[in-house]
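What's in work.txt: compact mmCIF, N, CA and C atoms
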# COMPACT_ATOMS: atom_id res chain seq x y z
N MET W 66 12.47 -1.59 -9.97
CA MET W 66 11.86 -0.87 -8.86
C MET W 66 10.94 -1.82 -8.10
N ASP W 67 10.89 -1.67 -6.80
CA ASP W 67 10.03 -2.55 -5.99
C ASP W 67 8.61 -1.99 -5.93
N PRO W 68 7.61 -2.85 -5.64
CA PRO W 68 6.21 -2.41 -5.67
C PRO W 68 5.87 -1.27 -4.71
N LEU W 69 6.46 -1.27 -3.52
CA LEU W 69 6.15 -0.21 -2.55
C LEU W 69 6.66 1.14 -3.03
N SER W 70 7.87 1.16 -3.58
CA SER W 70 8.42 2.41 -4.11
C SER W 70 7.61 2.90 -5.29
N LEU W 71 7.18 1.98 -6.16
CA LEU W 71 6.34 2.34 -7.30
C LEU W 71 5.02 2.93 -6.83
N LEU W 72 4.39 2.28 -5.86
CA LEU W 72 3.11 2.76 -5.35
C LEU W 72 3.27 4.16 -4.75
N ARG W 73 4.33 4.36 -4.01
CA ARG W 73 4.60 5.67 -3.43
C ARG W 73 4.82 6.70 -4.54
N ASP W 74 5.61 6.35 -5.54
CA ASP W 74 5.89 7.25 -6.65
C ASP W 74 4.62 7.63 -7.40
N PHE W 75 3.79 6.65 -7.72
CA PHE W 75 2.53 6.94 -8.42
C PHE W 75 1.62 7.82 -7.56
N ASN W 76 1.61 7.58 -6.25
CA ASN W 76 0.78 8.40 -5.36
C ASN W 76 1.29 9.84 -5.30
N LEU W 77 2.59 10.01 -5.14
CA LEU W 77 3.16 11.35 -5.03
C LEU W 77 2.95 12.16 -6.31
N LYS W 78 2.93 11.49 -7.45
CA LYS W 78 2.75 12.17 -8.73
C LYS W 78 1.29 12.27 -9.14
N GLY W 79 0.37 11.83 -8.26
CA GLY W 79 -1.06 11.91 -8.57
C GLY W 79 -1.47 10.96 -9.68
N ARG W 80 -0.78 9.84 -9.79
CA ARG W 80 -1.05 8.89 -10.88
C ARG W 80 -1.66 7.58 -10.39
N VAL W 81 -2.24 7.58 -9.20
CA VAL W 81 -2.82 6.35 -8.65
C VAL W 81 -3.90 5.78 -9.57
N ALA W 82 -4.61 6.65 -10.30
CA ALA W 82 -5.65 6.18 -11.22
C ALA W 82 -5.07 5.30 -12.32
N GLU W 83 -3.77 5.40 -12.57
CA GLU W 83 -3.12 4.58 -13.59
C GLU W 83 -2.75 3.18 -13.07
N VAL W 84 -2.88 2.98 -11.78
CA VAL W 84 -2.61 1.66 -11.20
C VAL W 84 -3.89 0.85 -11.29
N SER W 85 -3.80 -0.30 -11.94
CA SER W 85 -4.99 -1.12 -12.12
C SER W 85 -4.71 -2.57 -11.76
N THR W 86 -5.76 -3.29 -11.47
CA THR W 86 -5.63 -4.72 -11.20
C THR W 86 -6.38 -5.49 -12.28
N SER W 87 -5.81 -6.62 -12.62
CA SER W 87 -6.43 -7.51 -13.60
C SER W 87 -6.10 -8.92 -13.16
N GLY W 88 -7.14 -9.64 -12.77
CA GLY W 88 -6.90 -10.99 -12.26
C GLY W 88 -6.08 -10.92 -10.99
N ASP W 89 -4.94 -11.56 -11.00
CA ASP W 89 -4.08 -11.58 -9.81
C ASP W 89 -2.85 -10.70 -9.99
N ARG W 90 -2.95 -9.68 -10.83
CA ARG W 90 -1.82 -8.79 -11.13
C ARG W 90 -2.17 -7.33 -10.88
N VAL W 91 -1.15 -6.55 -10.55
CA VAL W 91 -1.26 -5.10 -10.41
C VAL W 91 -0.39 -4.49 -11.50
N ASN W 92 -0.99 -3.63 -12.31
CA ASN W 92 -0.31 -3.00 -13.43
C ASN W 92 -0.07 -1.53 -13.09
N PHE W 93 1.18 -1.12 -13.14
CA PHE W 93 1.55 0.26 -12.85
C PHE W 93 1.71 1.03 -14.16
N GLY W 94 0.59 1.48 -14.71
CA GLY W 94 0.60 2.30 -15.91
C GLY W 94 1.25 1.67 -17.12
N GLY W 95 1.28 0.36 -17.19
CA GLY W 95 1.87 -0.32 -18.34
C GLY W 95 3.38 -0.48 -18.25
N SER W 96 4.00 0.10 -17.24
CA SER W 96 5.46 0.02 -17.10
C SER W 96 5.92 -1.19 -16.30
N TYR W 97 5.21 -1.50 -15.23
CA TYR W 97 5.57 -2.60 -14.35
C TYR W 97 4.32 -3.39 -13.99
N VAL W 98 4.50 -4.68 -13.81
CA VAL W 98 3.40 -5.55 -13.39
C VAL W 98 3.93 -6.45 -12.27
N PHE W 99 3.15 -6.54 -11.19
CA PHE W 99 3.50 -7.40 -10.06
C PHE W 99 2.29 -8.23 -9.66
N PRO W 100 2.53 -9.39 -9.06
CA PRO W 100 1.39 -10.16 -8.52
C PRO W 100 0.78 -9.42 -7.33
N LEU W 101 -0.53 -9.55 -7.16
CA LEU W 101 -1.20 -8.96 -5.99
C LEU W 101 -0.58 -9.47 -4.69
N THR W 102 -0.11 -10.69 -4.73
CA THR W 102 0.42 -11.32 -3.52
C THR W 102 1.89 -11.00 -3.26
N ALA W 103 2.47 -10.11 -4.07
CA ALA W 103 3.88 -9.74 -3.87
C ALA W 103 4.04 -9.11 -2.49
N TYR W 104 5.02 -9.60 -1.76
CA TYR W 104 5.30 -8.99 -0.46
C TYR W 104 6.02 -7.67 -0.68
N ILE W 105 5.67 -6.71 0.13
CA ILE W 105 6.32 -5.41 0.03
C ILE W 105 7.22 -5.21 1.25
N ALA W 106 8.08 -4.23 1.16
CA ALA W 106 9.05 -3.98 2.23
C ALA W 106 8.42 -3.19 3.37
N PHE W 107 7.34 -3.73 3.91
CA PHE W 107 6.67 -3.11 5.05
C PHE W 107 6.12 -4.23 5.92
N LYS W 108 6.59 -4.29 7.15
CA LYS W 108 6.16 -5.34 8.07
C LYS W 108 5.16 -4.79 9.08
N ASN W 109 4.26 -5.67 9.51
CA ASN W 109 3.33 -5.30 10.56
C ASN W 109 3.99 -5.48 11.92
N ALA W 110 3.25 -5.24 12.97
CA ALA W 110 3.80 -5.33 14.33
C ALA W 110 4.31 -6.74 14.64
N ALA W 111 3.74 -7.75 14.00
CA ALA W 111 4.17 -9.13 14.20
C ALA W 111 5.36 -9.49 13.31
N LYS W 112 5.93 -8.49 12.64
CA LYS W 112 7.08 -8.67 11.75
C LYS W 112 6.77 -9.52 10.52
N GLU W 113 5.51 -9.50 10.09
CA GLU W 113 5.10 -10.20 8.88
C GLU W 113 4.93 -9.15 7.78
N PHE W 114 5.30 -9.50 6.57
CA PHE W 114 5.19 -8.56 5.46
C PHE W 114 3.75 -8.43 4.99
N TYR W 115 3.38 -7.19 4.65
CA TYR W 115 2.10 -6.95 3.99
C TYR W 115 2.27 -7.26 2.51
N THR W 116 1.15 -7.53 1.82
CA THR W 116 1.20 -7.75 0.38
C THR W 116 0.85 -6.46 -0.35
N LEU W 117 1.19 -6.42 -1.61
CA LEU W 117 0.86 -5.27 -2.45
C LEU W 117 -0.65 -5.04 -2.48
N GLU W 118 -1.43 -6.10 -2.53
CA GLU W 118 -2.89 -5.97 -2.55
C GLU W 118 -3.41 -5.25 -1.31
N ILE W 119 -2.87 -5.59 -0.16
CA ILE W 119 -3.32 -4.98 1.10
C ILE W 119 -2.98 -3.49 1.12
N ILE W 120 -1.76 -3.13 0.74
CA ILE W 120 -1.35 -1.72 0.78
C ILE W 120 -2.08 -0.91 -0.29
N LEU W 121 -2.28 -1.49 -1.47
CA LEU W 121 -3.04 -0.79 -2.52
C LEU W 121 -4.47 -0.55 -2.06
N ASN W 122 -5.08 -1.55 -1.45
CA ASN W 122 -6.44 -1.39 -0.94
C ASN W 122 -6.52 -0.29 0.12
N LEU W 123 -5.52 -0.22 0.97
CA LEU W 123 -5.47 0.86 1.97
C LEU W 123 -5.38 2.22 1.30
N LEU W 124 -4.50 2.34 0.33
CA LEU W 124 -4.33 3.62 -0.35
C LEU W 124 -5.62 4.05 -1.05
N LEU W 125 -6.30 3.12 -1.69
CA LEU W 125 -7.54 3.44 -2.40
C LEU W 125 -8.70 3.75 -1.45
N ASN W 126 -8.57 3.34 -0.20
CA ASN W 126 -9.64 3.56 0.79
C ASN W 126 -9.17 4.44 1.95
N ARG W 127 -8.20 5.26 1.69
CA ARG W 127 -7.58 6.06 2.74
C ARG W 127 -8.51 7.04 3.42
N ASN W 128 -9.59 7.43 2.78
CA ASN W 128 -10.50 8.42 3.36
C ASN W 128 -11.58 7.81 4.25
N LEU W 129 -11.62 6.50 4.34
CA LEU W 129 -12.62 5.83 5.18
C LEU W 129 -12.17 5.80 6.63
N SER W 130 -13.12 5.71 7.53
CA SER W 130 -12.76 5.46 8.93
C SER W 130 -12.15 4.07 8.98
N HIS W 131 -11.39 3.80 10.02
CA HIS W 131 -10.73 2.49 10.09
C HIS W 131 -11.77 1.36 10.14
N ALA W 132 -12.85 1.57 10.88
CA ALA W 132 -13.89 0.53 10.98
C ALA W 132 -14.50 0.24 9.61
N GLU W 133 -14.78 1.29 8.83
CA GLU W 133 -15.34 1.11 7.49
C GLU W 133 -14.33 0.45 6.56
N TYR W 134 -13.08 0.85 6.66
CA TYR W 134 -12.01 0.25 5.86
C TYR W 134 -11.93 -1.26 6.14
N ILE W 135 -11.95 -1.64 7.40
CA ILE W 135 -11.88 -3.06 7.78
C ILE W 135 -13.10 -3.80 7.23
N ARG W 136 -14.27 -3.20 7.35
CA ARG W 136 -15.49 -3.84 6.85
C ARG W 136 -15.40 -4.09 5.35
N ARG W 137 -14.97 -3.09 4.62
CA ARG W 137 -14.88 -3.24 3.15
C ARG W 137 -13.78 -4.23 2.76
N ALA W 138 -12.68 -4.22 3.48
CA ALA W 138 -11.62 -5.19 3.19
C ALA W 138 -12.14 -6.61 3.41
N ASN W 139 -12.89 -6.81 4.48
CA ASN W 139 -13.47 -8.13 4.74
C ASN W 139 -14.46 -8.52 3.66
N GLU W 140 -15.26 -7.58 3.18
CA GLU W 140 -16.21 -7.86 2.11
C GLU W 140 -15.49 -8.30 0.83
N LYS W 141 -14.34 -7.66 0.55
CA LYS W 141 -13.56 -7.99 -0.63
C LYS W 141 -12.67 -9.22 -0.42
N LYS W 142 -12.63 -9.69 0.82
CA LYS W 142 -11.75 -10.80 1.20
C LYS W 142 -10.27 -10.45 0.96
N VAL W 143 -9.96 -9.21 1.34
CA VAL W 143 -8.59 -8.70 1.27
C VAL W 143 -8.12 -8.46 2.69
N GLY W 144 -6.89 -8.79 2.98
CA GLY W 144 -6.36 -8.49 4.30
C GLY W 144 -6.36 -6.99 4.55
N ALA W 145 -6.19 -6.59 5.78
CA ALA W 145 -6.23 -5.18 6.14
C ALA W 145 -4.99 -4.79 6.92
N VAL W 146 -4.62 -3.53 6.81
CA VAL W 146 -3.52 -2.98 7.58
C VAL W 146 -4.04 -2.70 8.99
N ALA W 147 -3.29 -3.11 9.98
CA ALA W 147 -3.69 -2.89 11.36
C ALA W 147 -3.78 -1.39 11.65
N PHE W 148 -4.65 -1.03 12.55
CA PHE W 148 -4.85 0.38 12.89
C PHE W 148 -3.53 1.04 13.28
N THR W 149 -2.70 0.34 14.04
CA THR W 149 -1.44 0.91 14.49
C THR W 149 -0.47 1.14 13.34
N ASP W 150 -0.61 0.41 12.25
CA ASP W 150 0.26 0.58 11.08
C ASP W 150 -0.33 1.55 10.07
N ARG W 151 -1.61 1.76 10.09
CA ARG W 151 -2.29 2.52 9.05
C ARG W 151 -1.80 3.96 8.96
N ARG W 152 -1.71 4.62 10.06
CA ARG W 152 -1.32 6.03 10.05
C ARG W 152 0.10 6.20 9.52
N VAL W 153 0.99 5.33 9.96
CA VAL W 153 2.38 5.41 9.53
C VAL W 153 2.51 5.06 8.05
N SER W 154 1.78 4.03 7.60
CA SER W 154 1.90 3.63 6.20
C SER W 154 1.35 4.70 5.26
N LEU W 155 0.29 5.37 5.65
CA LEU W 155 -0.24 6.45 4.82
C LEU W 155 0.71 7.64 4.82
N LEU W 156 1.31 7.94 5.96
CA LEU W 156 2.26 9.03 6.05
C LEU W 156 3.44 8.79 5.11
N ALA W 157 3.89 7.56 5.04
CA ALA W 157 5.03 7.23 4.20
C ALA W 157 4.73 7.40 2.72
N ARG W 158 3.45 7.41 2.37
CA ARG W 158 3.07 7.55 0.97
C ARG W 158 2.69 8.98 0.60
N ASP W 159 2.60 9.84 1.59
CA ASP W 159 2.22 11.23 1.33
C ASP W 159 3.44 12.06 0.96
N ALA W 160 3.19 13.14 0.29
CA ALA W 160 4.28 14.00 -0.19
C ALA W 160 5.11 14.58 0.96
N GLY W 161 4.54 14.65 2.15
CA GLY W 161 5.27 15.22 3.28
C GLY W 161 6.37 14.34 3.82
N CYS W 162 6.49 13.15 3.33
CA CYS W 162 7.51 12.22 3.83
C CYS W 162 8.69 12.20 2.86
N ASP W 163 9.87 12.62 3.32
CA ASP W 163 11.01 12.63 2.41
C ASP W 163 11.56 11.21 2.22
N ASP W 164 12.46 11.06 1.28
CA ASP W 164 12.98 9.74 0.93
C ASP W 164 13.70 9.07 2.10
N HIS W 165 14.43 9.84 2.89
CA HIS W 165 15.14 9.27 4.02
C HIS W 165 14.16 8.70 5.05
N ALA W 166 13.11 9.44 5.35
CA ALA W 166 12.11 8.97 6.30
C ALA W 166 11.38 7.75 5.75
N PHE W 167 11.14 7.73 4.45
CA PHE W 167 10.47 6.60 3.81
C PHE W 167 11.34 5.35 3.94
N GLU W 168 12.63 5.46 3.69
CA GLU W 168 13.53 4.31 3.79
C GLU W 168 13.60 3.81 5.23
N ALA W 169 13.64 4.72 6.20
CA ALA W 169 13.68 4.31 7.61
C ALA W 169 12.39 3.61 7.99
N PHE W 170 11.28 4.09 7.46
CA PHE W 170 9.97 3.50 7.74
C PHE W 170 9.87 2.08 7.24
N ARG W 171 10.49 1.78 6.10
CA ARG W 171 10.39 0.47 5.47
C ARG W 171 11.09 -0.61 6.28
N LYS W 172 12.04 -0.25 7.11
CA LYS W 172 12.84 -1.25 7.83
C LYS W 172 12.16 -1.73 9.09
File written out as structure tokens:
Amino acid sequence: MDPLSLLRDFNLKGRVAEVSTSGDRVNFGGSYVFPLTAYIAFKNAAKEFYTLEIILNLLLNRNLSHAEYIRRANEKKVGAVAFTDRRVSLLARDAGCDDHAFEAFRK
């Protein structure tokens, strides 16, 4: 399974608390481990791939205003999802997005 699909699956099942980071790795409940720097199947407007670390940070800070999210990402020295991508990327991880829409979003 790829990291983006795993992250979506853990989010939809309410298991995000089981996703942890240790050093430069992301552990998905003991089942899968990926590097923080793993590219995921989601490109920004410049057609560059986001990393697992960036998308995980967005998911964990989804309730913040975009300005606060950017500030905290900068403090952590983590890249940030662009405002234009943020709404779509969060939608793709919410239960309201079916699998077909999720696959179309990834391309």
Chain W: residues DSSP assigns to alpha helix (DSSP H), reported as a PyMOL selection string: chain W and resi 68-77+117-125+131-141+148-158+164-171
Between atom CA of Gly95 of chain W and atom CA of Leu123 of chain W, what distance in Å does the model show, to one decimal?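 Taking atom CA of Gly95 of chain W and atom CA of Leu123 of chain W, their separation equals 21.6 Å.
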If you run DSSP on the backbone here, which positions in chain W get strand (DSSP E)? Please write them as a PyMOL selection string. chain W and resi 84-87+90-93+97-100+104-108+114-116
Selection from above, N, CA and C atoms, as a compact mmCIF listing (two decimals), in the frame of the given file, can you write it?
# COMPACT_ATOMS: atom_id res chain seq x y z
N VAL W 84 -2.88 2.98 -11.78
CA VAL W 84 -2.61 1.66 -11.20
C VAL W 84 -3.89 0.85 -11.29
N SER W 85 -3.80 -0.30 -11.94
CA SER W 85 -4.99 -1.12 -12.12
C SER W 85 -4.71 -2.57 -11.76
N THR W 86 -5.76 -3.29 -11.47
CA THR W 86 -5.63 -4.72 -11.20
C THR W 86 -6.38 -5.49 -12.28
N SER W 87 -5.81 -6.62 -12.62
CA SER W 87 -6.43 -7.51 -13.60
C SER W 87 -6.10 -8.92 -13.16
N ARG W 90 -2.95 -9.68 -10.83
CA ARG W 90 -1.82 -8.79 -11.13
C ARG W 90 -2.17 -7.33 -10.88
N VAL W 91 -1.15 -6.55 -10.55
CA VAL W 91 -1.26 -5.10 -10.41
C VAL W 91 -0.39 -4.49 -11.50
N ASN W 92 -0.99 -3.63 -12.31
CA ASN W 92 -0.31 -3.00 -13.43
C ASN W 92 -0.07 -1.53 -13.09
N PHE W 93 1.18 -1.12 -13.14
CA PHE W 93 1.55 0.26 -12.85
C PHE W 93 1.71 1.03 -14.16
N TYR W 97 5.21 -1.50 -15.23
CA TYR W 97 5.57 -2.60 -14.35
C TYR W 97 4.32 -3.39 -13.99
N VAL W 98 4.50 -4.68 -13.81
CA VAL W 98 3.40 -5.55 -13.39
C VAL W 98 3.93 -6.45 -12.27
N PHE W 99 3.15 -6.54 -11.19
CA PHE W 99 3.50 -7.40 -10.06
C PHE W 99 2.29 -8.23 -9.66
N PRO W 100 2.53 -9.39 -9.06
CA PRO W 100 1.39 -10.16 -8.52
C PRO W 100 0.78 -9.42 -7.33
N TYR W 104 5.02 -9.60 -1.76
CA TYR W 104 5.30 -8.99 -0.46
C TYR W 104 6.02 -7.67 -0.68
N ILE W 105 5.67 -6.71 0.13
CA ILE W 105 6.32 -5.41 0.03
C ILE W 105 7.22 -5.21 1.25
N ALA W 106 8.08 -4.23 1.16
CA ALA W 106 9.05 -3.98 2.23
C ALA W 106 8.42 -3.19 3.37
N PHE W 107 7.34 -3.73 3.91
CA PHE W 107 6.67 -3.11 5.05
C PHE W 107 6.12 -4.23 5.92
N LYS W 108 6.59 -4.29 7.15
CA LYS W 108 6.16 -5.34 8.07
C LYS W 108 5.16 -4.79 9.08
N PHE W 114 5.30 -9.50 6.57
CA PHE W 114 5.19 -8.56 5.46
C PHE W 114 3.75 -8.43 4.99
N TYR W 115 3.38 -7.19 4.65
CA TYR W 115 2.10 -6.95 3.99
C TYR W 115 2.27 -7.26 2.51
N THR W 116 1.15 -7.53 1.82
CA THR W 116 1.20 -7.75 0.38
C THR W 116 0.85 -6.46 -0.35
Which of these, W:Leu72, W:Tyr115, W:Ser130, W:Thr149, has the shortest distance to Phe93 of chain W once you count only N, CA and C atoms?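 Of the candidates, the smallest distance to Phe93 of chain W is held by W:Leu72.
Between Val91 of chain W and the candidates W:Ala103, W:Val146, W:Ile135, W:Leu129, the tightest atom-to-atom separation, counting only C-alpha atoms, involves W:Ala103.
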Write out as AutoDock Vina command-line options an axis-aligned box for segment 93-96 of chain W: all of its atoms listed in the file, 5 Å added on each side, centre and edge lengths in Å with one decimal.
--center_x 3.3 --center_y 0.6 --center_z -15.6 --size_x 15.3 --size_y 13.5 --size_z 15.5
In Å to one decimal, how far is atom C of Phe107 of chain W from atom N of Asp74 of chain W?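 Computing it gives 15.6 Å between the two atoms.
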Could you check the closest approach to Leu77 of chain W for each of W:Leu124, W:Ile105, W:Gly144, W:Ala111 and tell me which residue wins, using only C-alpha atoms?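 Nearest to Leu77 of chain W: W:Leu124.
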Who sits within 8 Å of Gly88 of chain W, only N, CA and C atoms, same chain under 3 positions skipped, as a short mmCIF file (atom, residue, chain, number, x, y, z; two decimals) with N, CA and C atoms, in the frame of the given file:
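The resulting file, selection_18.cif, is reproduced below:
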data_model
loop_
_atom_site.label_atom_id
_atom_site.label_comp_id
_atom_site.auth_asym_id
_atom_site.auth_seq_id
_atom_site.Cartn_x
_atom_site.Cartn_y
_atom_site.Cartn_z
N SER W 85 -3.80 -0.30 -11.94
CA SER W 85 -4.99 -1.12 -12.12
C SER W 85 -4.71 -2.57 -11.76
N VAL W 91 -1.15 -6.55 -10.55
CA VAL W 91 -1.26 -5.10 -10.41
C VAL W 91 -0.39 -4.49 -11.50
N PRO W 100 2.53 -9.39 -9.06
CA PRO W 100 1.39 -10.16 -8.52
C PRO W 100 0.78 -9.42 -7.33
N LEU W 101 -0.53 -9.55 -7.16
CA LEU W 101 -1.20 -8.96 -5.99
C LEU W 101 -0.58 -9.47 -4.69
#
Spatial neighbours of Ala82 of chain W, max dist 10 Å, only C-alpha atoms, sep filter under 3 positions, as a list in words: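 After dropping sequence-adjacent residues, the list is Phe75, Asn76, Gly79, Ser85, Phe93, Gly94 and Leu125 of chain W.
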Based on the selection just made, write N, CA and C atoms of those residues as a compact mmCIF listing (two decimals), in the frame of the given file.
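Output (out-v7.txt):
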# COMPACT_ATOMS: atom_id res chain seq x y z
N PHE W 75 3.79 6.65 -7.72
CA PHE W 75 2.53 6.94 -8.42
C PHE W 75 1.62 7.82 -7.56
N ASN W 76 1.61 7.58 -6.25
CA ASN W 76 0.78 8.40 -5.36
C ASN W 76 1.29 9.84 -5.30
N GLY W 79 0.37 11.83 -8.26
CA GLY W 79 -1.06 11.91 -8.57
C GLY W 79 -1.47 10.96 -9.68
N SER W 85 -3.80 -0.30 -11.94
CA SER W 85 -4.99 -1.12 -12.12
C SER W 85 -4.71 -2.57 -11.76
N PHE W 93 1.18 -1.12 -13.14
CA PHE W 93 1.55 0.26 -12.85
C PHE W 93 1.71 1.03 -14.16
N GLY W 94 0.59 1.48 -14.71
CA GLY W 94 0.60 2.30 -15.91
C GLY W 94 1.25 1.67 -17.12
N LEU W 125 -6.30 3.12 -1.69
CA LEU W 125 -7.54 3.44 -2.40
C LEU W 125 -8.70 3.75 -1.45
Contacts of Thr102 of chain W at 8 Å (only N, CA and C atoms; same-chain gap of 4+ positions) as an NGL selection string: :W and (89-91 or 115-119)
Those selected residues, please, written with N, CA and C atoms and delivered as a short mmCIF file (atom, residue, chain, number, x, y, z; two decimals), in the frame of the given file.
data_model
loop_
_atom_site.label_atom_id
_atom_site.label_comp_id
_atom_site.auth_asym_id
_atom_site.auth_seq_id
_atom_site.Cartn_x
_atom_site.Cartn_y
_atom_site.Cartn_z
N ASP W 89 -4.94 -11.56 -11.00
CA ASP W 89 -4.08 -11.58 -9.81
C ASP W 89 -2.85 -10.70 -9.99
N ARG W 90 -2.95 -9.68 -10.83
CA ARG W 90 -1.82 -8.79 -11.13
C ARG W 90 -2.17 -7.33 -10.88
N VAL W 91 -1.15 -6.55 -10.55
CA VAL W 91 -1.26 -5.10 -10.41
C VAL W 91 -0.39 -4.49 -11.50
N TYR W 115 3.38 -7.19 4.65
CA TYR W 115 2.10 -6.95 3.99
C TYR W 115 2.27 -7.26 2.51
N THR W 116 1.15 -7.53 1.82
CA THR W 116 1.20 -7.75 0.38
C THR W 116 0.85 -6.46 -0.35
N LEU W 117 1.19 -6.42 -1.61
CA LEU W 117 0.86 -5.27 -2.45
C LEU W 117 -0.65 -5.04 -2.48
N GLU W 118 -1.43 -6.10 -2.53
CA GLU W 118 -2.89 -5.97 -2.55
C GLU W 118 -3.41 -5.25 -1.31
N ILE W 119 -2.87 -5.59 -0.16
CA ILE W 119 -3.32 -4.98 1.10
C ILE W 119 -2.98 -3.49 1.12
#
Quick one: of W:Arg80, W:Ser87, W:Asp150, W:Ser70, who's nearest to Lys108 of chain W, counting all atoms listed in the file? W:Asp150
Give me segment 123-130 of chain W with all heavy atoms filled in, as a PDB file, keeping the file's coordinate frame.
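Okay, this is what ended up in rebuild16.pdb:
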ATOM      1  N   LEU W 123      -5.520  -0.220   0.970  1.00  0.00           N
ATOM      2  CA  LEU W 123      -5.470   0.860   1.970  1.00  0.00           C
ATOM      3  C   LEU W 123      -5.380   2.220   1.300  1.00  0.00           C
ATOM      4  O   LEU W 123      -6.129   3.144   1.640  1.00  0.00           O
ATOM      5  CB  LEU W 123      -4.283   0.662   2.914  1.00  0.00           C
ATOM      6  CG  LEU W 123      -4.016   1.812   3.894  1.00  0.00           C
ATOM      7  CD1 LEU W 123      -5.173   1.981   4.860  1.00  0.00           C
ATOM      8  CD2 LEU W 123      -2.718   1.585   4.634  1.00  0.00           C
ATOM      9  N   LEU W 124      -4.500   2.340   0.330  1.00  0.00           N
ATOM     10  CA  LEU W 124      -4.330   3.620  -0.350  1.00  0.00           C
ATOM     11  C   LEU W 124      -5.620   4.050  -1.050  1.00  0.00           C
ATOM     12  O   LEU W 124      -6.015   5.212  -0.978  1.00  0.00           O
ATOM     13  CB  LEU W 124      -3.198   3.525  -1.373  1.00  0.00           C
ATOM     14  CG  LEU W 124      -2.869   4.799  -2.137  1.00  0.00           C
ATOM     15  CD1 LEU W 124      -2.437   5.906  -1.194  1.00  0.00           C
ATOM     16  CD2 LEU W 124      -1.791   4.521  -3.164  1.00  0.00           C
ATOM     17  N   LEU W 125      -6.300   3.120  -1.690  1.00  0.00           N
ATOM     18  CA  LEU W 125      -7.540   3.440  -2.400  1.00  0.00           C
ATOM     19  C   LEU W 125      -8.700   3.750  -1.450  1.00  0.00           C
ATOM     20  O   LEU W 125      -9.684   4.353  -1.866  1.00  0.00           O
ATOM     21  CB  LEU W 125      -7.915   2.299  -3.343  1.00  0.00           C
ATOM     22  CG  LEU W 125      -6.917   2.046  -4.474  1.00  0.00           C
ATOM     23  CD1 LEU W 125      -7.318   0.817  -5.264  1.00  0.00           C
ATOM     24  CD2 LEU W 125      -6.782   3.263  -5.369  1.00  0.00           C
ATOM     25  N   ASN W 126      -8.570   3.340  -0.200  1.00  0.00           N
ATOM     26  CA  ASN W 126      -9.640   3.560   0.790  1.00  0.00           C
ATOM     27  C   ASN W 126      -9.170   4.440   1.950  1.00  0.00           C
ATOM     28  O   ASN W 126      -9.729   4.376   3.040  1.00  0.00           O
ATOM     29  CB  ASN W 126     -10.145   2.213   1.312  1.00  0.00           C
ATOM     30  CG  ASN W 126     -10.884   1.451   0.254  1.00  0.00           C
ATOM     31  OD1 ASN W 126     -11.992   1.796  -0.116  1.00  0.00           O
ATOM     32  ND2 ASN W 126     -10.245   0.413  -0.272  1.00  0.00           N
ATOM     33  N   ARG W 127      -8.200   5.260   1.690  1.00  0.00           N
ATOM     34  CA  ARG W 127      -7.580   6.060   2.740  1.00  0.00           C
ATOM     35  C   ARG W 127      -8.510   7.040   3.420  1.00  0.00           C
ATOM     36  O   ARG W 127      -8.272   7.455   4.546  1.00  0.00           O
ATOM     37  CB  ARG W 127      -6.380   6.798   2.170  1.00  0.00           C
ATOM     38  CG  ARG W 127      -6.781   7.839   1.140  1.00  0.00           C
ATOM     39  CD  ARG W 127      -5.631   8.520   0.444  1.00  0.00           C
ATOM     40  NE  ARG W 127      -4.703   9.110   1.375  1.00  0.00           N
ATOM     41  CZ  ARG W 127      -3.388   9.079   1.221  1.00  0.00           C
ATOM     42  NH1 ARG W 127      -2.864   8.516   0.173  1.00  0.00           N
ATOM     43  NH2 ARG W 127      -2.609   9.642   2.107  1.00  0.00           N
ATOM     44  N   ASN W 128      -9.590   7.430   2.780  1.00  0.00           N
ATOM     45  CA  ASN W 128     -10.500   8.420   3.360  1.00  0.00           C
ATOM     46  C   ASN W 128     -11.580   7.810   4.250  1.00  0.00           C
ATOM     47  O   ASN W 128     -12.371   8.536   4.848  1.00  0.00           O
ATOM     48  CB  ASN W 128     -11.153   9.256   2.256  1.00  0.00           C
ATOM     49  CG  ASN W 128     -10.128  10.084   1.512  1.00  0.00           C
ATOM     50  OD1 ASN W 128      -9.164  10.565   2.102  1.00  0.00           O
ATOM     51  ND2 ASN W 128     -10.311  10.220   0.222  1.00  0.00           N
ATOM     52  N   LEU W 129     -11.620   6.500   4.340  1.00  0.00           N
ATOM     53  CA  LEU W 129     -12.620   5.830   5.180  1.00  0.00           C
ATOM     54  C   LEU W 129     -12.170   5.800   6.630  1.00  0.00           C
ATOM     55  O   LEU W 129     -10.969   5.799   6.919  1.00  0.00           O
ATOM     56  CB  LEU W 129     -12.826   4.391   4.699  1.00  0.00           C
ATOM     57  CG  LEU W 129     -13.315   4.192   3.269  1.00  0.00           C
ATOM     58  CD1 LEU W 129     -13.389   2.700   2.961  1.00  0.00           C
ATOM     59  CD2 LEU W 129     -14.661   4.847   3.066  1.00  0.00           C
ATOM     60  N   SER W 130     -13.120   5.710   7.530  1.00  0.00           N
ATOM     61  CA  SER W 130     -12.760   5.460   8.930  1.00  0.00           C
ATOM     62  C   SER W 130     -12.150   4.070   8.980  1.00  0.00           C
ATOM     63  O   SER W 130     -12.360   3.243   8.081  1.00  0.00           O
ATOM     64  CB  SER W 130     -14.004   5.508   9.823  1.00  0.00           C
ATOM     65  OG  SER W 130     -14.834   4.387   9.558  1.00  0.00           O
TER      66      SER W 130
END
